[in-house]
Amino acid sequence: MTTAMRAKGAGRTNVDRFLTLIRVVLIGLIVIGLVAFIAQQIAPDNPFAKWTHEGEAANRLTFSQFRGLVVTGVSQGAMYGLIALGYSMVYGVLGFINFAHGEVFMVGAFTGFIMSNKLDEAGWWEGGAFIPAVLLTVIMCTLVATATAVIMERVAYRPLRGSPRLIPLITSIGVSFFIQNVVILLFGPGAKSYPQPPQWLKDKHTFLEIEGSKIVVFVVAAISMAGLWYLVERTKTGKAMRAVAEDKEIASLMGINVNRTIVTTFAVGGAMAGIAGILWGLVFKSVIATTGFLPGIKAFTAAVVGGVGNLGGAMAGGLSLGSAEALAPLTLLEPLGVSGVSQLRDAVAFVLLILVLLIKPTGLFGERLSSDDRA
Amino acid sequence: MSIDTNTTDTDTTPELISKGAFDLDWRKVINTGLILALGLCFISLAGMPIGLNGRKLIEPVLSLGYLSLLWLPLVIGWSVGNEKVLEGMAATKRGARDIVAGGVVGLIGGLGLALLIILVNNFDLRDPLVNWSPQLLSVLEFDAGETTGRTGFGIVLWLIMSTVLGAFGASLHVMPKNLRKAIIAAILTVVGFAVFETFVVDVFDFLDDLIYAKKGGLKVVAAIIIAVIAFAASFAGGGRQIGAYKQAYQANTGPSKRTQTTTLILVSLALLIIIPMVTGKITQELFANIGIFLLLALGLNIVVGLAGILDLGYVAFFAVGGYTTAVLTSPNRGPDWDGIGAPLMPWWAALLVTVVVAALVGLFIGAPVIRMRGDYLAIVTLGFGEIIRILFLSDWLNGWFNGAQGITNVPAADFGFAQVKGTDPRSVFYLVLVFAAISIYVSWRLERSRLGRAWMAIREDESVAEAMGINTVNMKLMAFVVGAVLASFSGAIFAAKVGSIFPTSFLILVSIIILVVVIVGGMGNIMGVIVGAVVLIGVLGGPKQPGLLAEFSEYKLLIYGALLIWMMLQRPEGLVPNARRSRELHQDEFLQDAWLKGEVDTDDDDLPDVTGSIEGAQA
Amino acid sequence: MSGERILDIQNLSVTFGGLHALKDLNFHVDEGEIVGVIGPNGAGKTTFFNMISGMVTPSSGDIIFEGESILGMDPNQVTQRGISRTFQNVRLFANMTIAENVMVAQHCRTKQGVFGSLFNTAGFRKEEKEIREHAEKVLGFFGTRLVGYRLEQPASVLSYANRRRLEIARAMATKPRLLLLDEPVAGMNPKESAELTDLIGKLRSEWGFTIVMIEHDMNVVRDVSDRVVCLDHGETLAQGSFEEVSSDPDVIEAYLGRPLEKKV
């Protein structure tokens, strides 16, 4: 029985009344917050703003600040979206959340760290050799991340095919933990820095004043999505992936090698995460073993927001989440009088997850689940 | 299900196939060997031989560092001899073949390690790999390493040791059963005495000079004597005796079982009360830590094990318990509390308020999540756990919870006749014991009640449970709230013990470790949870607390992760399985076994007189 | 048998993504009746049961049980009102014992909660005893098959026919007034079917249940139904006694297809 079906019938118990109350309160807060934001942009000393800011007038958000937030949000969202693809695909096919997918992303970022530093030592990380160096790094990161995902599937998940759904989820928690600690033990617990990138990555370009690194993120993410679209919609492998995602049993009856297709699904998801990893490294220039944890969960949130199993939805969800995360603290929370909003940014993702699951559990664009997982 | 090929009964199983000593499944052997090589290299590069080298096990022969490498060929050698024999299949006869397989696996592993040594000698990869260092080399080359001659010596020694250990591990399959058990007993006993030296000395301090060397570690002679004694004891049938007792206990279903169980409980209780009185502070601290996490595990056991709800944000209730108690007892709480006139009260009063608050928070978090799919629920509860921690840490709520500074100066829990504070871990342990008893009682009674049955039905098939009249939402919510309350007990005690509450004590890490404890111990099973807590928290340690193996602190999270994976793959029902849970998780095997034993029901057309009436049915 | 209308279904419709599973269905059951529901596969019979038991919400129409509309109620509320059902593909709680399956079904008729369980109150003990006794009574309805040592065995070891029986026993244990049986004899051999047909009759005569039964086995339908309703494509095709319905040309066409024109 899907939550969609049940939602219609629900509404009479105390729990349901409470939930409706929560929905109303959350949406109400969001609306009030946005209105207050607009109000304080127009008139920073309006009475409501004064009340929430303890007597002082509110600070206006300048256009360039706003633009900066949007750019940050969207570029972060693009990375979340790339990671979300892996979650979405695996959930669509096997019906469980691969908790360790965030670690695949982290492994990609770490490979990027190692490669980029080695290339930097060889003097390739700037000037003319930079682009080929980055390309090489991207390839390596993708390969390593893909390998990690494939090994993960083979060792930890394949033996559990057919188990009750929570079992692979719990295993994936173990895998996530394990990989994090492998990385800590091998490379040390501290944060690792990427080498200094060439100047044009740090500079802002075009009238939109976007940093070079973020332009790279947009471009690479777009290319990856295009590549993925092509793979899934136009190739035989992609067709097999869609078939297996729809119904494993029937697909195998049609002659599709289900195991191999599942491995491919993991591999493609891993590749996307690996790309996200190197992009993260380019933007944030540092990585640590726990880098994968929060973005992993947020990426899963993005997948749910967009509709699990739905690839376009995953990217859309990622972009939405990234933007919400970047904008909400200053456009929503701050006008409501919350102080120290930048600390609460991580909470935004979780609240968004809860909101989506309460209001439209199948996601913005609808979920696409395997027939075994649909109720 | 595999059949122990050493005890075949030849009338039902086919003849054993004999194979030549070199007739191996080469693909499997080489793969396993490569895995061994990878494992050995990883352990080396993870720094275990270096970090653990300081701890001597058998002075001066063996240190924990070397053991961290040596155990792997032994175990993997043994695993390559594992043959999965299905009912009706012919098994291969055990013999030289297995030993050769183990040896080859060991050899390949040793070669891998040798390769690593050569690489470390000649290249510098210290940049990414922190442990690629002279220290590693010196340990791997047995502590001399200046002349390359020694490198050769090291390599040869590793090759030999790895091959021998691999072969030995595999040979355990070839030996007769009692010999094998005796050898394993001997090894485990010696290793046990060596590794748990601090604990043994704490309890029996006369043994300190007797069997342990001054710098730590067993004296060689003592090690040999212990090995011999253990070997003899096992060989003479010690294991059989214990097995017989266990079987007798399990088989006893009559009224005397009640007295048996009660005596067992009373004896354990007596031991638990007496032991902390005679041991030193370290052990007391250990017991106290085990206790606090045991309380958490018991609560999570109700949520996960009984009701089947995977709550990854369980730490939130721990935090709520700790913070509520701190806020109501400590004068150093955030100033806003004084602003609203919240009183300061003694610990036990704060506990009452804490329980109510925890229940409310449980309801608040539970209500939205309870209708969600299992995996979504897991992530959302994780989210809630993080949100709560972020809130406690935030500057926004600084006035209430002091943000990152936390709330210090939480006073000891004062009961009039005794005070429970961190500097007296024994008192903490006794308090924990009281609450553990309460939690165990609660779990035990709820499981056997109408609620317990409803939870079981929900776990089995939620839609059908609903169709049978069970209000699944309320039932799951109830489990959630009970779990929340039990966690808050632990939080309250934790606050008094540590004397302060910081947001960093409530990371998701804690939830996950508790989850591992519950699962490794045995989901849904009180005894299992206790065993899990003792084994994991006691030996490996908690999230920030050291266990008996304090040296393993760096590696303990890795071990937790590996354990979780291994358990899920091999034995998801846990170390101490619940009969019902084993059935659930191994349905097919269970049914097969039942069918083989003739316990499966068959349609019986020839039963007398089925009247279908109420009176005619007293059987 | 008071003959009062116990269940009244009015203009019930439901669509699943464009497919009209039920179209303006009208149906009623009087107290004490045994109504057989027949129809070819895909006619919407199980969907019909899912609607009544609350597991699926209709798009339009109303379901009135004992004078009260149960439209939109959760399944557990429906069961509490007095309707219970079995499932076409037996869905027992396989790892719970036979006794537990039947005991847990009494959940909505019992009330002891956390307090009673924890303190082992007299009320709790009494209720547990009653639950157990009622379970044994219900199981005893099926003779000696599901009693004695069997009570503590997990449900998964049961033979197919016994599972179907246990499924019915479990539905009985919820103390309903209306019992919905979804293909009760599916997969049973003739001897078992005959016995169960007999028992279904006794469910009404000795236990007082009103029964609506989906069945494909016409012998069973004929032997025990007071009235038969035939569904096809979500609509009622015919209603009446078994003879009337089984000779109705529309019904025959639904099952067998239109007879070919004879070629001269």
# chains A, B, ... in the order shown; residues from 1 in each chain; ligands from 1

$ residues_around --residues "region 55-70 of chain A" --least-positions-apart "6" --cutoff "8 Å" --atoms "only C-alpha atoms" --output "VMD selection string"
chain A and resid 40 to 41 44 to 46 49 208 to 210 323 326 to 327 335

$ write_last_selection --atoms "N, CA and C atoms" --output "PDB file, in the first residue's frame"
ATOM      1  N   GLN A  40      11.522  43.279   4.581  1.00  0.00           N
ATOM      2  CA  GLN A  40      12.703  43.958   5.104  1.00  0.00           C
ATOM      3  C   GLN A  40      13.670  44.354   4.012  1.00  0.00           C
ATOM      4  N   GLN A  41      13.506  43.797   2.837  1.00  0.00           N
ATOM      5  CA  GLN A  41      14.302  44.277   1.716  1.00  0.00           C
ATOM      6  C   GLN A  41      13.804  45.642   1.288  1.00  0.00           C
ATOM      7  N   PRO A  44      13.778  48.203   5.539  1.00  0.00           N
ATOM      8  CA  PRO A  44      14.510  47.474   6.587  1.00  0.00           C
ATOM      9  C   PRO A  44      14.089  47.842   8.005  1.00  0.00           C
ATOM     10  N   ASP A  45      13.392  48.953   8.153  1.00  0.00           N
ATOM     11  CA  ASP A  45      13.051  49.310   9.526  1.00  0.00           C
ATOM     12  C   ASP A  45      11.569  49.146   9.794  1.00  0.00           C
ATOM     13  N   ASN A  46      10.924  48.236   9.055  1.00  0.00           N
ATOM     14  CA  ASN A  46       9.500  48.041   9.325  1.00  0.00           C
ATOM     15  C   ASN A  46       9.328  47.399  10.702  1.00  0.00           C
ATOM     16  N   ALA A  49      10.321  43.751  11.316  1.00  0.00           N
ATOM     17  CA  ALA A  49      11.768  43.549  11.270  1.00  0.00           C
ATOM     18  C   ALA A  49      12.400  44.040  12.557  1.00  0.00           C
ATOM     19  N   LEU A 208      27.563  37.743 -14.598  1.00  0.00           N
ATOM     20  CA  LEU A 208      26.912  37.126 -13.443  1.00  0.00           C
ATOM     21  C   LEU A 208      27.865  36.985 -12.268  1.00  0.00           C
ATOM     22  N   GLU A 209      29.127  37.354 -12.527  1.00  0.00           N
ATOM     23  CA  GLU A 209      30.123  37.286 -11.451  1.00  0.00           C
ATOM     24  C   GLU A 209      30.194  35.920 -10.818  1.00  0.00           C
ATOM     25  N   ILE A 210      30.325  34.918 -11.664  1.00  0.00           N
ATOM     26  CA  ILE A 210      30.449  33.560 -11.130  1.00  0.00           C
ATOM     27  C   ILE A 210      31.925  33.192 -11.086  1.00  0.00           C
ATOM     28  N   SER A 323      19.825  25.322  -3.716  1.00  0.00           N
ATOM     29  CA  SER A 323      19.366  26.708  -3.647  1.00  0.00           C
ATOM     30  C   SER A 323      18.682  26.989  -2.317  1.00  0.00           C
ATOM     31  N   ALA A 326      21.162  27.382   0.409  1.00  0.00           N
ATOM     32  CA  ALA A 326      21.941  28.607   0.376  1.00  0.00           C
ATOM     33  C   ALA A 326      21.091  29.820   0.726  1.00  0.00           C
ATOM     34  N   LEU A 327      19.860  29.803   0.245  1.00  0.00           N
ATOM     35  CA  LEU A 327      19.040  30.994   0.405  1.00  0.00           C
ATOM     36  C   LEU A 327      18.261  31.029   1.708  1.00  0.00           C
ATOM     37  N   PRO A 335      14.897  36.645   8.620  1.00  0.00           N
ATOM     38  CA  PRO A 335      13.769  37.557   8.807  1.00  0.00           C
ATOM     39  C   PRO A 335      12.845  37.126   9.932  1.00  0.00           C
TER      40      PRO A 335
END

$ residues_around --residues "Ile118 (chain B)" --least-positions-apart "4" --cutoff "8 Å" --atoms "only C-alpha atoms" --output "PyMOL selection string"
chain B and resi 114+122+151

$ closest_residue --among "A:Ile30, A:Ala226, A:Met241, A:Leu353" --to "chain B" --atoms "only C-alpha atoms"
A:Leu353

$ residues_around --residues "Leu272 (chain B)" --least-positions-apart "5" --cutoff "9 Å" --atoms "only C-alpha atoms" --output "PDB file with C-alpha atoms, in the first residue's frame"
ATOM      1  CA  VAL B 267      23.723 -15.383  40.698  1.00  0.00           C
ATOM      2  CA  TYR B 430      25.024   0.532  40.548  1.00  0.00           C
ATOM      3  CA  LEU B 433      22.236  -1.547  37.152  1.00  0.00           C
TER       4      LEU B 433
END

$ residues_around --residues "region 158-161 of chain C" --least-positions-apart "4" --cutoff "12 Å" --atoms "only C-alpha atoms" --output "PyMOL selection string"
(chain B and resi 591+594-595+598-605) or (chain C and resi 89-98+142+145-146+150-154+165-168+184-193+195-196)

$ closest_atom_pairs --of "region 155-262 of chain C" --to "region 576-590 of chain B" --cutoff "12 Å" --atoms "only C-alpha atoms" --output "JSON lines"
{"residue": "C:Ala155", "atom": "CA", "partner": "B:Arg583", "partner_atom": "CA", "distance": 11.2}
{"residue": "C:Ser156", "atom": "CA", "partner": "B:Gln587", "partner_atom": "CA", "distance": 8.7}
{"residue": "C:Val157", "atom": "CA", "partner": "B:Phe590", "partner_atom": "CA", "distance": 9.4}

$ closest_atom_pairs --of "chain C" --to "chain B" --cutoff "7 Å" --atoms "only C-alpha atoms" --output "CSV"
residue,atom,partner,partner_atom,distance
C:Pro75,CA,B:Ala467,CA,5.1
C:Asn76,CA,B:Gly469,CA,4.0
C:Gln77,CA,B:Gly469,CA,6.7
C:Thr79,CA,B:Gly469,CA,5.0
C:Gln80,CA,B:Gly469,CA,5.9
C:Phe93,CA,B:Glu460,CA,5.7
C:Asn95,CA,B:Glu584,CA,6.1
C:Val104,CA,B:Arg453,CA,5.8
C:Ala105,CA,B:Met468,CA,5.3
C:His107,CA,B:Ile470,CA,6.0
C:Cys108,CA,B:Gly469,CA,5.2
C:Gly113,CA,B:Leu451,CA,7.0
C:Ser117,CA,B:Ser449,CA,5.9
C:Leu118,CA,B:Arg445,CA,5.8
C:Lys137,CA,B:Ile614,CA,6.6
C:Gly140,CA,B:Ala617,CA,4.7
C:Phe141,CA,B:Gly612,CA,4.6
C:Phe142,CA,B:Gly612,CA,5.3
C:Gly143,CA,B:Val610,CA,4.7
C:Thr144,CA,B:Ala619,CA,6.1
C:Val147,CA,B:Ala619,CA,6.4
C:Gly148,CA,B:Ala619,CA,6.1
C:Val157,CA,B:Val600,CA,4.9
C:Leu158,CA,B:Asp601,CA,4.8
C:Ser159,CA,B:Asp601,CA,5.1
C:Ala161,CA,B:Asp603,CA,6.7
C:Thr174,CA,B:Met468,CA,6.8
C:Leu199,CA,B:Gly612,CA,6.2

$ write_last_selection --atoms "C-alpha atoms" --output "compact mmCIF listing (two decimals), in the first residue's frame"
# COMPACT_ATOMS: atom_id res chain seq x y z
CA PRO C 75 -8.49 -0.86 7.86
CA ASN C 76 -8.08 -1.24 11.59
CA GLN C 77 -11.08 0.99 12.19
CA THR C 79 -12.14 -4.25 11.54
CA GLN C 80 -13.07 -2.74 14.84
CA PHE C 93 2.12 -14.07 10.11
CA ASN C 95 6.96 -16.64 11.89
CA VAL C 104 -3.07 -11.08 17.87
CA ALA C 105 -6.23 -10.89 15.79
CA HIS C 107 -6.14 -6.92 19.40
CA CYS C 108 -8.98 -4.56 18.70
CA GLY C 113 -1.86 -1.56 27.57
CA SER C 117 1.62 -5.51 30.92
CA LEU C 118 4.28 -4.01 33.11
CA LYS C 137 -12.05 -22.07 20.77
CA GLY C 140 -11.09 -25.82 17.63
CA PHE C 141 -13.69 -25.03 15.03
CA PHE C 142 -11.47 -26.78 12.53
CA GLY C 143 -11.30 -30.00 14.47
CA THR C 144 -8.14 -31.45 15.83
CA VAL C 147 -4.91 -27.66 18.32
CA GLY C 148 -2.66 -29.18 20.93
CA VAL C 157 5.16 -25.22 8.81
CA LEU C 158 1.50 -25.67 8.07
CA SER C 159 0.26 -27.45 5.02
CA ALA C 161 -5.02 -26.39 3.43
CA THR C 174 -11.44 -10.53 15.40
CA LEU C 199 -17.82 -25.30 7.86

$ closest_atom_pairs --of "chain C" --to "chain A" --cutoff "9 Å" --atoms "only C-alpha atoms" --output "CSV"
residue,atom,partner,partner_atom,distance
C:Gly54,CA,A:Gly9,CA,8.0
C:Met55,CA,A:Met1,CA,7.7
C:Val56,CA,A:Met5,CA,6.8
C:Thr57,CA,A:Gly9,CA,6.0
C:Leu71,CA,A:Gly9,CA,8.2
C:Gly72,CA,A:Gly9,CA,4.5
C:Met73,CA,A:Gly9,CA,6.1
C:Asp74,CA,A:Gly9,CA,6.4

$ closest_residue --among "B:Arg258, B:Lys28, B:Arg373, B:Arg426" --to "chain A" --atoms "only C-alpha atoms"
B:Arg373

$ closest_atom_pairs --of "chain A" --to "chain B" --cutoff "8 Å" --atoms "only C-alpha atoms" --output "tab-separated table"
residue	atom	partner	partner_atom	distance
A:Met1	CA	B:Ser463	CA	7.3
A:Thr3	CA	B:Met372	CA	7.2
A:Val15	CA	B:Ala367	CA	6.1
A:Phe18	CA	B:Ala367	CA	7.6
A:Leu19	CA	B:Pro368	CA	6.2
A:Phe96	CA	B:Asp375	CA	7.0
A:Ile97	CA	B:Asp375	CA	6.7
A:Ile114	CA	B:Pro128	CA	6.4
A:Ala156	CA	B:Ile565	CA	7.0
A:Pro159	CA	B:Leu569	CA	7.0
A:Leu160	CA	B:Leu569	CA	7.0
A:Ser163	CA	B:Leu585	CA	7.9
A:Arg165	CA	B:Asp375	CA	7.8
A:Leu166	CA	B:Asp375	CA	6.7
A:Ile167	CA	B:Met568	CA	6.8
A:Pro168	CA	B:Met568	CA	7.9
A:Leu169	CA	B:Asp375	CA	7.2
A:Ile170	CA	B:Met568	CA	7.6
A:Thr171	CA	B:Ile565	CA	5.1
A:Ser172	CA	B:Ile565	CA	7.7
A:Ile173	CA	B:Gly561	CA	7.7
A:Gly174	CA	B:Gly561	CA	4.3
A:Val175	CA	B:Gly561	CA	6.3
A:Ser176	CA	B:Gly561	CA	7.6
A:Phe177	CA	B:Gly561	CA	5.1
A:Phe178	CA	B:Gly561	CA	4.6
A:Asn181	CA	B:Leu558	CA	5.2
A:Val182	CA	B:Leu558	CA	6.8
A:Leu185	CA	B:Ala46	CA	4.7
A:Leu186	CA	B:Ala46	CA	4.8
A:Phe187	CA	B:Leu129	CA	4.9
A:Gly188	CA	B:Val130	CA	6.0
A:Ile297	CA	B:Ile379	CA	7.6
A:Val338	CA	B:Trp396	CA	6.2
A:Ser339	CA	B:Trp396	CA	4.9
A:Gly340	CA	B:Asp395	CA	5.6
A:Val341	CA	B:Trp396	CA	7.7
A:Gln343	CA	B:Ser394	CA	6.5
A:Leu344	CA	B:Ile390	CA	6.8
A:Ala347	CA	B:Ile387	CA	5.4
A:Phe350	CA	B:Gly383	CA	5.2
A:Val351	CA	B:Gly383	CA	7.9
A:Leu353	CA	B:Val380	CA	7.3
A:Ile354	CA	B:Val380	CA	6.7
A:Leu358	CA	B:Pro368	CA	7.1

$ closest_residue --among "A:Thr301, A:Thr111, A:Thr137, A:Thr264" --to "Ala316 (chain A)" --atoms "only C-alpha atoms"
A:Thr301

$ select_by_dssp --residues "region 492-525 of chain B" --states "alpha helix (DSSP H)" --output "PyMOL selection string"
chain B and resi 492-498+508-521

$ residues_around --residues "region 343-358 of chain B" --least-positions-apart "3" --cutoff "6 Å" --atoms "only C-alpha atoms" --output "PDB file with N, CA and C atoms, in the first residue's frame"
ATOM      1  N   GLY B 321      17.533  13.597  27.001  1.00  0.00           N
ATOM      2  CA  GLY B 321      17.629  13.177  28.401  1.00  0.00           C
ATOM      3  C   GLY B 321      18.748  13.905  29.115  1.00  0.00           C
ATOM      4  N   THR B 324      18.032  17.841  29.308  1.00  0.00           N
ATOM      5  CA  THR B 324      16.948  18.192  30.243  1.00  0.00           C
ATOM      6  C   THR B 324      17.431  18.070  31.684  1.00  0.00           C
ATOM      7  N   THR B 325      18.121  16.975  31.965  1.00  0.00           N
ATOM      8  CA  THR B 325      18.626  16.797  33.319  1.00  0.00           C
ATOM      9  C   THR B 325      19.617  17.898  33.671  1.00  0.00           C
ATOM     10  N   LEU B 328      18.023  21.214  34.391  1.00  0.00           N
ATOM     11  CA  LEU B 328      17.240  21.293  35.620  1.00  0.00           C
ATOM     12  C   LEU B 328      18.078  21.112  36.873  1.00  0.00           C
ATOM     13  N   THR B 329      19.345  20.764  36.696  1.00  0.00           N
ATOM     14  CA  THR B 329      20.151  20.546  37.898  1.00  0.00           C
ATOM     15  C   THR B 329      21.371  21.454  37.991  1.00  0.00           C
ATOM     16  N   VAL B 361       8.870  14.486  23.205  1.00  0.00           N
ATOM     17  CA  VAL B 361       9.723  14.588  22.028  1.00  0.00           C
ATOM     18  C   VAL B 361       9.556  13.347  21.158  1.00  0.00           C
ATOM     19  N   GLY B 362       9.448  12.191  21.803  1.00  0.00           N
ATOM     20  CA  GLY B 362       9.228  10.950  21.055  1.00  0.00           C
ATOM     21  C   GLY B 362       7.959  11.027  20.230  1.00  0.00           C
ATOM     22  N   ALA B 413      24.260  12.995  41.368  1.00  0.00           N
ATOM     23  CA  ALA B 413      22.888  12.609  41.696  1.00  0.00           C
ATOM     24  C   ALA B 413      22.858  12.218  43.157  1.00  0.00           C
ATOM     25  N   ALA B 484      12.179   6.123  23.537  1.00  0.00           N
ATOM     26  CA  ALA B 484      12.647   7.461  23.892  1.00  0.00           C
ATOM     27  C   ALA B 484      12.836   7.594  25.399  1.00  0.00           C
ATOM     28  N   VAL B 485      11.883   7.071  26.150  1.00  0.00           N
ATOM     29  CA  VAL B 485      11.973   7.181  27.601  1.00  0.00           C
ATOM     30  C   VAL B 485      13.184   6.417  28.133  1.00  0.00           C
TER      31      VAL B 485
END

$ atom_distance --atom1 "CA of Asp346 (chain A)" --atom2 "CA of Leu294 (chain A)"
8.0 Å
